[in-house]
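Okay, so here's the structure we're looking at.
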Amino acid sequence: MMFKTQQTHSFTAAAIALFAFALPTPTFAADWVLVAGAKSGINKLDADAASNLYLGKVNELAGVGPVTLMDLPEGNPIRDSFYADTTKKDASALKAYWSRMIFTGKGQPPRAMDGAAAIKKALSANSTAIAYIEKSAVDASVKVLLTP
């Protein structure tokens, strides 16, 4: 009887371990910030405004006018985190959304940039541009408009 109990516990422990390894590993949100150039007239945005801009629902801000948006490339974890936090869309839902918008002629996605350095350079040349970058890339050349 003792042998049967030990054998059952060993089997249960092995089954639990196998099940735990089969579960997907959690992904941790990347630290992003929404920024504008240091000399921009844009000072603050909320998550709803960011969502509306980045989904092409609006393309200008009161007191500023048309806004230029910059994006990171598909597959970038900062991009995935930004869109999940602001628009509540994962990468595949976002791709489907923009496919519909392009097909129906209702909009184009923001221009993808190579990374934070390219974004910061472009922001310094355009006072009505905004973008999101990794929090660790913030320096004096940008001002933070929104944090998660």
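Residue numbering restarts at 1 for every chain of the structure tokens, chains are lettered A, B, ... in their displayed order, and ligands are numbered from 1 as they appear.
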
Excluding same-chain residues fewer than 5 positions from Gly107 of chain A, what lies within 7 Å of it counting only C-alpha atoms, as a PyMOL selection string? chain A and resi 56+101-102

Resulting file, chosen residues, N, CA and C atoms, as a compact mmCIF listing (two decimals), in the first residue's frame:
# COMPACT_ATOMS: atom_id res chain seq x y z
N GLY A 56 -5.51 56.16 -36.28
CA GLY A 56 -5.93 56.97 -37.42
C GLY A 56 -7.34 57.53 -37.30
N MET A 101 -8.14 49.29 -42.91
CA MET A 101 -8.10 50.75 -43.12
C MET A 101 -7.47 51.08 -44.48
N ILE A 102 -6.40 50.40 -44.82
CA ILE A 102 -5.73 50.63 -46.10
C ILE A 102 -6.64 50.20 -47.25

Which residues are near Leu61 of chain A? Cut-off 12 Å, only C-alpha atoms, ignore same chain within fewer than 3 positions. Put them as a PyMOL selection string. chain A and resi 41-46+49-50+52-53+57-58+64-69+128-130

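Interatomic distance, atom CA of Ser141 of chain A against atom CA of Val35 of chain A: 9.8 Å.
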
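Of note, atom CA of Ser40 of chain A and atom CA of Leu145 of chain A are spaced 10.6 Å apart.
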
Residues within 7 Å of segment 116-118 of chain A, only C-alpha atoms, excluding chain neighbours under 3 positions, as a PyMOL selection string: chain A and resi 113+121-122+133+137

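Taking the backbone of this structure through DSSP, the residues of segment 57-97 of chain A that come out as alpha helix (DSSP H) are Pro77, Ile78, Arg79, Asp80, Ser81, Phe82, Tyr83, Ala84, Asp85, Thr86, Ala91, Ser92, Ala93, Leu94, Lys95, Ala96 and Tyr97 of chain A.
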
Taking N, CA and C atoms for each residue, export the selection above as an mmCIF file, in the first residue's frame.
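That gives us again.cif:
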data_model
loop_
_atom_site.group_PDB
_atom_site.id
_atom_site.type_symbol
_atom_site.label_atom_id
_atom_site.label_comp_id
_atom_site.auth_asym_id
_atom_site.auth_seq_id
_atom_site.Cartn_x
_atom_site.Cartn_y
_atom_site.Cartn_z
ATOM 1 N N PRO A 77 9.317 44.627 -29.318
ATOM 2 C CA PRO A 77 8.547 44.465 -28.082
ATOM 3 C C PRO A 77 8.020 45.789 -27.509
ATOM 4 N N ILE A 78 8.732 46.882 -27.746
ATOM 5 C CA ILE A 78 8.252 48.192 -27.299
ATOM 6 C C ILE A 78 6.971 48.535 -28.065
ATOM 7 N N ARG A 79 6.965 48.269 -29.363
ATOM 8 C CA ARG A 79 5.781 48.520 -30.192
ATOM 9 C C ARG A 79 4.598 47.700 -29.699
ATOM 10 N N ASP A 80 4.834 46.420 -29.477
ATOM 11 C CA ASP A 80 3.757 45.534 -29.019
ATOM 12 C C ASP A 80 3.178 46.015 -27.695
ATOM 13 N N SER A 81 4.045 46.415 -26.778
ATOM 14 C CA SER A 81 3.601 46.892 -25.477
ATOM 15 C C SER A 81 2.836 48.210 -25.596
ATOM 16 N N PHE A 82 3.343 49.131 -26.407
ATOM 17 C CA PHE A 82 2.678 50.419 -26.598
ATOM 18 C C PHE A 82 1.255 50.225 -27.120
ATOM 19 N N TYR A 83 1.102 49.440 -28.178
ATOM 20 C CA TYR A 83 -0.223 49.239 -28.758
ATOM 21 C C TYR A 83 -1.157 48.465 -27.821
ATOM 22 N N ALA A 84 -0.622 47.502 -27.103
ATOM 23 C CA ALA A 84 -1.456 46.757 -26.146
ATOM 24 C C ALA A 84 -1.959 47.687 -25.048
ATOM 25 N N ASP A 85 -1.089 48.562 -24.565
ATOM 26 C CA ASP A 85 -1.471 49.468 -23.486
ATOM 27 C C ASP A 85 -2.413 50.578 -23.950
ATOM 28 N N THR A 86 -2.183 51.140 -25.119
ATOM 29 C CA THR A 86 -2.975 52.302 -25.542
ATOM 30 C C THR A 86 -4.203 51.928 -26.369
ATOM 31 N N ALA A 91 -0.492 42.457 -31.733
ATOM 32 C CA ALA A 91 0.142 42.648 -33.046
ATOM 33 C C ALA A 91 -0.728 42.145 -34.197
ATOM 34 N N SER A 92 -1.358 40.987 -34.047
ATOM 35 C CA SER A 92 -2.167 40.456 -35.150
ATOM 36 C C SER A 92 -3.452 41.267 -35.343
ATOM 37 N N ALA A 93 -4.072 41.699 -34.260
ATOM 38 C CA ALA A 93 -5.274 42.527 -34.380
ATOM 39 C C ALA A 93 -4.935 43.877 -35.008
ATOM 40 N N LEU A 94 -3.782 44.419 -34.652
ATOM 41 C CA LEU A 94 -3.361 45.699 -35.220
ATOM 42 C C LEU A 94 -3.096 45.568 -36.720
ATOM 43 N N LYS A 95 -2.448 44.477 -37.114
ATOM 44 C CA LYS A 95 -2.177 44.252 -38.533
ATOM 45 C C LYS A 95 -3.489 44.120 -39.319
ATOM 46 N N ALA A 96 -4.447 43.398 -38.758
ATOM 47 C CA ALA A 96 -5.753 43.247 -39.413
ATOM 48 C C ALA A 96 -6.470 44.597 -39.496
ATOM 49 N N TYR A 97 -6.383 45.375 -38.436
ATOM 50 C CA TYR A 97 -7.016 46.696 -38.415
ATOM 51 C C TYR A 97 -6.464 47.573 -39.540
#

Provide the atom CA of Gln108 of chain A to atom CA of Lys39 of chain A distance in Å, to one decimal place. 26.7 Å
